[in-house]
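Trainee: The structure is given below, and queries will be raised subsequently.
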Amino acid sequence: MKAVVAAAGALCLLILGIFGVGNTVLTSVPFADDEQRAMYDDVVREYRLTIPGSVLLAVDTVRFHQDFAWVGLETVRQTAELFSACGAFDPLIVEGRGKGRRVAFRVPRSGEVEFGAYPEGVTAELTDAEGRSYANHSTLAAGDYWIEVTAPSESTRYESRVYLDLVPCGQQEISDVLDRLGLVGDDRAMVYHLIAMYLPKEENYGHIMPGPFVWPVADTWPITSPFGERLDPVTGEWRVHTGVDIGVPEGKAVHVATDGVVVLAGWDGNYGNAVRVAHGDGVTTVYGHLKTVLVTVGQHVGKGDSVGLVGSTGKSTGPHLHFEWRVNGEPIDPLTVYHWTPEETP
């Protein structure tokens, strides 16, 4: 813990609101917008991977230095290919004008097929290399197939699409993918840091990547007010904000960053209902503006345990979590603490 505290204190010298590890400098939290995150989730489902889309997103955040301006669907699929042990099947589209045509395609592994032809009067027939026909929603084995589209006249514009719902297959370990990409040292550490920051769903909470701390709320929520000097939203005066505000809906569970003992559980002035946890070596974390406190003073809590529910008590303009990290009573930016050194990453 002492080594971690020392590292955290040094990292506090970074410019407020911007933090970095290695070649990657992060300028906002969350690190990608909702549409981008949804695209990664869609590709994970397409490739039948068992990891969340946030893992791919974390890798690409470091690969592309948080520049997603040019990252599109094909780029995300390339990242998914690195994790997939056997690849995906891109939908086959056959289109044109005339009486139709015959197109070959390969099925990489078994799966259920769905196909059709448009407009009305256009038909599609699916056969294998030996000429056997297959009905819609048949299960195809790995191998070579043909889709033959037939239209009523030379002037007909037609389209046929073939989709395959492939059976799941194995996937590469995160560490193996990072090896292939050449991400080592601090860049590698940043990937694991981001995986924890993006966070899996609540039911998977506490089972995130290795590291000494967990983020206090599951799922990805914006930092609505960073650490440092700011215009106080209540008084309108410039003051030092001693933590970060996380824009989380009321009632969301709040989790303790790491093992410790509860030293305050209840009303705490401007913090409203709050919980303070001592972790040893002078380190304390604070969770403020809670709707409900779920622990008592003197209670021992473990990393990831729920200590309260998000609310808007005390000096607050709306539901959010105020999260502080203090060393010997002095506040430091929590974002500088949530990283791993290269020695701590797989």
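Following the order of the structure tokens, first chain is A, next is B, and so on, with residues numbered from 1 inside each chain and ligands from 1 in the order they appear.
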Can you pull out the residues contacting region 70-74 of chain A? Cut-off 12 Å, using only C-alpha atoms, and skip same-chain residues under 3 positions away; I want them as a list in words.
Mentor: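 Surrounding residues, per the criterion: Ala32, Glu35, Gln36, Arg37, Ala38, Met39, Tyr40, Asp41, Asp42, Val43, Val44, Glu46, Leu57, Asp60, Thr61, Arg63, Phe64, His65, Gln66, Asp67, Arg77, Gln78, Thr79, Ala80, Glu81 and Asp90 of chain A.
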Trainee: Can I get the selected residues back with C-alpha atoms, as a compact mmCIF listing (two decimals), in the first residue's frame?
Mentor:
# COMPACT_ATOMS: atom_id res chain seq x y z
CA ALA A 32 -15.75 7.11 -26.06
CA GLU A 35 -22.57 5.34 -30.24
CA GLN A 36 -18.97 4.16 -30.30
CA ARG A 37 -19.46 1.92 -27.27
CA ALA A 38 -22.60 0.44 -28.84
CA MET A 39 -20.64 -0.38 -32.00
CA TYR A 40 -18.11 -2.37 -29.97
CA ASP A 41 -20.90 -4.24 -28.17
CA ASP A 42 -22.52 -5.09 -31.53
CA VAL A 43 -19.27 -6.47 -32.95
CA VAL A 44 -18.68 -8.61 -29.86
CA GLU A 46 -21.37 -10.63 -34.12
CA LEU A 57 -12.73 -0.53 -26.66
CA ASP A 60 -8.39 0.52 -29.25
CA THR A 61 -8.27 3.52 -26.90
CA ARG A 63 -3.87 1.71 -29.94
CA PHE A 64 -5.37 4.87 -31.42
CA HIS A 65 -4.47 7.28 -28.58
CA GLN A 66 -8.15 8.01 -27.86
CA ASP A 67 -8.67 9.29 -31.41
CA ARG A 77 -14.08 -5.91 -36.58
CA GLN A 78 -10.33 -6.08 -37.09
CA THR A 79 -9.88 -5.74 -33.34
CA ALA A 80 -12.46 -8.49 -32.77
CA GLU A 81 -10.54 -10.73 -35.18
CA ASP A 90 -19.86 -11.20 -42.89
Trainee: Could you pull out all residues of region 113-181 of chain A with a DSSP call of strand (DSSP E) and give them as a PyMOL selection string?
Mentor: chain A and resi 113-118+123-128+133-134+139-140+143-150+157-166
Trainee: Dump N, CA and C atoms for the selected residues as a JSON list (two decimals), in the first residue's frame?
Mentor:
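Writing done, so here's result_16.json:
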[["chain", "number", "residue", "atom", "x", "y", "z"],
["A", 113, "VAL", "N", -28.38, -20.92, -40.95],
["A", 113, "VAL", "CA", -28.40, -19.99, -42.07],
["A", 113, "VAL", "C", -29.77, -19.33, -42.19],
["A", 114, "GLU", "N", -29.76, -18.07, -42.55],
["A", 114, "GLU", "CA", -30.99, -17.35, -42.87],
["A", 114, "GLU", "C", -30.76, -16.61, -44.17],
["A", 115, "PHE", "N", -31.64, -16.82, -45.16],
["A", 115, "PHE", "CA", -31.45, -16.15, -46.44],
["A", 115, "PHE", "C", -32.81, -15.83, -47.06],
["A", 116, "GLY", "N", -32.81, -14.92, -48.01],
["A", 116, "GLY", "CA", -34.03, -14.53, -48.70],
["A", 116, "GLY", "C", -33.68, -13.74, -49.94],
["A", 117, "ALA", "N", -34.69, -13.45, -50.77],
["A", 117, "ALA", "CA", -34.48, -12.70, -52.00],
["A", 117, "ALA", "C", -35.60, -11.68, -52.17],
["A", 118, "TYR", "N", -35.26, -10.57, -52.81],
["A", 118, "TYR", "CA", -36.20, -9.47, -53.00],
["A", 118, "TYR", "C", -36.04, -8.92, -54.41],
["A", 123, "THR", "N", -36.36, -15.42, -56.45],
["A", 123, "THR", "CA", -36.14, -16.56, -55.56],
["A", 123, "THR", "C", -34.65, -16.79, -55.34],
["A", 124, "ALA", "N", -34.34, -17.49, -54.25],
["A", 124, "ALA", "CA", -32.95, -17.84, -53.95],
["A", 124, "ALA", "C", -32.90, -19.30, -53.53],
["A", 125, "GLU", "N", -31.91, -20.03, -54.04],
["A", 125, "GLU", "CA", -31.72, -21.43, -53.68],
["A", 125, "GLU", "C", -30.30, -21.60, -53.16],
["A", 126, "LEU", "N", -30.22, -22.31, -52.02],
["A", 126, "LEU", "CA", -28.93, -22.55, -51.39],
["A", 126, "LEU", "C", -28.54, -24.01, -51.57],
["A", 127, "THR", "N", -27.35, -24.26, -52.12],
["A", 127, "THR", "CA", -26.86, -25.63, -52.35],
["A", 127, "THR", "C", -25.43, -25.74, -51.88],
["A", 128, "ASP", "N", -25.03, -26.98, -51.60],
["A", 128, "ASP", "CA", -23.63, -27.20, -51.25],
["A", 128, "ASP", "C", -22.85, -27.63, -52.48],
["A", 133, "SER", "N", -29.71, -29.22, -51.73],
["A", 133, "SER", "CA", -30.40, -27.96, -51.41],
["A", 133, "SER", "C", -30.67, -27.86, -49.92],
["A", 134, "TYR", "N", -30.72, -26.61, -49.44],
["A", 134, "TYR", "CA", -30.95, -26.37, -48.01],
["A", 134, "TYR", "C", -32.06, -25.33, -47.85],
["A", 139, "THR", "N", -29.19, -25.91, -40.59],
["A", 139, "THR", "CA", -27.86, -25.84, -40.01],
["A", 139, "THR", "C", -26.85, -26.30, -41.04],
["A", 140, "LEU", "N", -25.89, -25.44, -41.34],
["A", 140, "LEU", "CA", -24.86, -25.76, -42.32],
["A", 140, "LEU", "C", -23.58, -26.15, -41.62],
["A", 143, "GLY", "N", -17.85, -25.57, -44.83],
["A", 143, "GLY", "CA", -17.61, -26.02, -46.20],
["A", 143, "GLY", "C", -18.00, -24.96, -47.22],
["A", 144, "ASP", "N", -18.02, -25.36, -48.53],
["A", 144, "ASP", "CA", -18.33, -24.46, -49.64],
["A", 144, "ASP", "C", -19.79, -24.60, -50.05],
["A", 145, "TYR", "N", -20.42, -23.44, -50.34],
["A", 145, "TYR", "CA", -21.83, -23.40, -50.70],
["A", 145, "TYR", "C", -22.05, -22.41, -51.85],
["A", 146, "TRP", "N", -23.27, -22.52, -52.43],
["A", 146, "TRP", "CA", -23.65, -21.61, -53.51],
["A", 146, "TRP", "C", -25.02, -21.03, -53.18],
["A", 147, "ILE", "N", -25.20, -19.75, -53.51],
["A", 147, "ILE", "CA", -26.53, -19.15, -53.47],
["A", 147, "ILE", "C", -26.87, -18.74, -54.90],
["A", 148, "GLU", "N", -27.99, -19.26, -55.40],
["A", 148, "GLU", "CA", -28.40, -18.95, -56.78],
["A", 148, "GLU", "C", -29.67, -18.11, -56.74],
["A", 149, "VAL", "N", -29.59, -16.92, -57.31],
["A", 149, "VAL", "CA", -30.71, -15.99, -57.34],
["A", 149, "VAL", "C", -31.34, -16.02, -58.73],
["A", 150, "THR", "N", -32.66, -16.16, -58.79],
["A", 150, "THR", "CA", -33.37, -16.20, -60.06],
["A", 150, "THR", "C", -34.43, -15.10, -60.09],
["A", 157, "ARG", "N", -34.47, -5.70, -60.91],
["A", 157, "ARG", "CA", -33.39, -5.45, -59.95],
["A", 157, "ARG", "C", -33.63, -6.36, -58.74],
["A", 158, "TYR", "N", -32.63, -7.10, -58.36],
["A", 158, "TYR", "CA", -32.80, -8.10, -57.30],
["A", 158, "TYR", "C", -31.74, -7.93, -56.22],
["A", 159, "GLU", "N", -32.07, -8.53, -55.08],
["A", 159, "GLU", "CA", -31.12, -8.58, -53.97],
["A", 159, "GLU", "C", -31.38, -9.82, -53.16],
["A", 160, "SER", "N", -30.32, -10.48, -52.72],
["A", 160, "SER", "CA", -30.42, -11.63, -51.84],
["A", 160, "SER", "C", -29.37, -11.49, -50.76],
["A", 161, "ARG", "N", -29.74, -11.87, -49.54],
["A", 161, "ARG", "CA", -28.80, -11.78, -48.42],
["A", 161, "ARG", "C", -28.72, -13.12, -47.70],
["A", 162, "VAL", "N", -27.51, -13.45, -47.28],
["A", 162, "VAL", "CA", -27.27, -14.69, -46.54],
["A", 162, "VAL", "C", -26.63, -14.33, -45.20],
["A", 163, "TYR", "N", -27.26, -14.77, -44.12],
["A", 163, "TYR", "CA", -26.73, -14.56, -42.77],
["A", 163, "TYR", "C", -26.44, -15.91, -42.14],
["A", 164, "LEU", "N", -25.41, -15.95, -41.31],
["A", 164, "LEU", "CA", -25.06, -17.18, -40.59],
["A", 164, "LEU", "C", -24.91, -16.87, -39.11],
["A", 165, "ASP", "N", -25.63, -17.60, -38.28],
["A", 165, "ASP", "CA", -25.47, -17.51, -36.83],
["A", 165, "ASP", "C", -24.54, -18.65, -36.42],
["A", 166, "LEU", "N", -23.24, -18.34, -36.38],
["A", 166, "LEU", "CA", -22.23, -19.37, -36.14],
["A", 166, "LEU", "C", -22.19, -19.81, -34.69]]
Trainee: Enumerate, as a ChimeraX atom specification, the complete set of residues in region 50-232 of chain A that a backbone-based DSSP assignment places in alpha helix (DSSP H).
Mentor: /A:53-63,73-83,174-181,185-198
Trainee: Would you mind reading off the distance between CA of Tyr192 (chain A) and CA of Tyr47 (chain A), one decimal, in Å?
Mentor: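 According to the coordinates, CA of Tyr192 (chain A) and CA of Tyr47 (chain A) are separated by 21.8 Å.
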Trainee: Would you mind listing what lies within 12 Å of Val254 (chain A) as a ChimeraX atom specification, with only C-alpha atoms counted and same-chain residues fewer than 5 positions away left out?
Mentor: /A:202,205,214-219,246,248-249,274-275,286-295,303-311,320-323
Trainee: Just checking: using only C-alpha atoms, which residue out of A:Phe105, A:Phe89, A:Trp325, A:Phe213 ends up closest to Val244 (chain A)?
Mentor: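 Once distances to Val244 (chain A) are computed over only C-alpha atoms, the minimum belongs to A:Trp325.
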Trainee: Hey, what's within 8 Å of Val283 (chain A) if we count only C-alpha atoms and toss same-chain stuff fewer than 4 positions away? As an NGL selection string, please?
Mentor: :A and (5 or 278-279 or 325-329)
Trainee: Based on the selection just made, write N, CA and C atoms of those residues as a tab-separated table (two decimals), in the first residue's frame.
Mentor:
chain	number	residue	atom	x	y	z
A	5	VAL	N	0.63	4.43	-2.52
A	5	VAL	CA	0.37	5.79	-2.06
A	5	VAL	C	1.44	6.73	-2.58
A	278	ALA	N	-11.18	3.79	6.02
A	278	ALA	CA	-9.72	3.85	6.20
A	278	ALA	C	-9.12	2.55	5.68
A	279	HIS	N	-8.07	2.70	4.86
A	279	HIS	CA	-7.46	1.54	4.21
A	279	HIS	C	-6.05	1.25	4.72
A	325	TRP	N	-10.31	10.60	-2.61
A	325	TRP	CA	-9.18	9.76	-2.21
A	325	TRP	C	-8.24	10.67	-1.43
A	326	ARG	N	-7.98	10.35	-0.16
A	326	ARG	CA	-7.12	11.19	0.68
A	326	ARG	C	-5.92	10.39	1.20
A	327	VAL	N	-4.77	11.07	1.25
A	327	VAL	CA	-3.54	10.49	1.79
A	327	VAL	C	-3.09	11.38	2.94
A	328	ASN	N	-3.10	10.82	4.16
A	328	ASN	CA	-2.78	11.59	5.37
A	328	ASN	C	-3.63	12.85	5.45
A	329	GLY	N	-4.89	12.71	5.08
A	329	GLY	CA	-5.83	13.81	5.18
A	329	GLY	C	-5.86	14.75	3.99
Trainee: Nearest to Pro108 (chain A): which of A:Leu82, A:Val167, A:Val55, A:Met190 is it, counting only C-alpha atoms?
Mentor: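 When distances to Pro108 (chain A) are compared using only C-alpha atoms, the smallest one comes from A:Val167.
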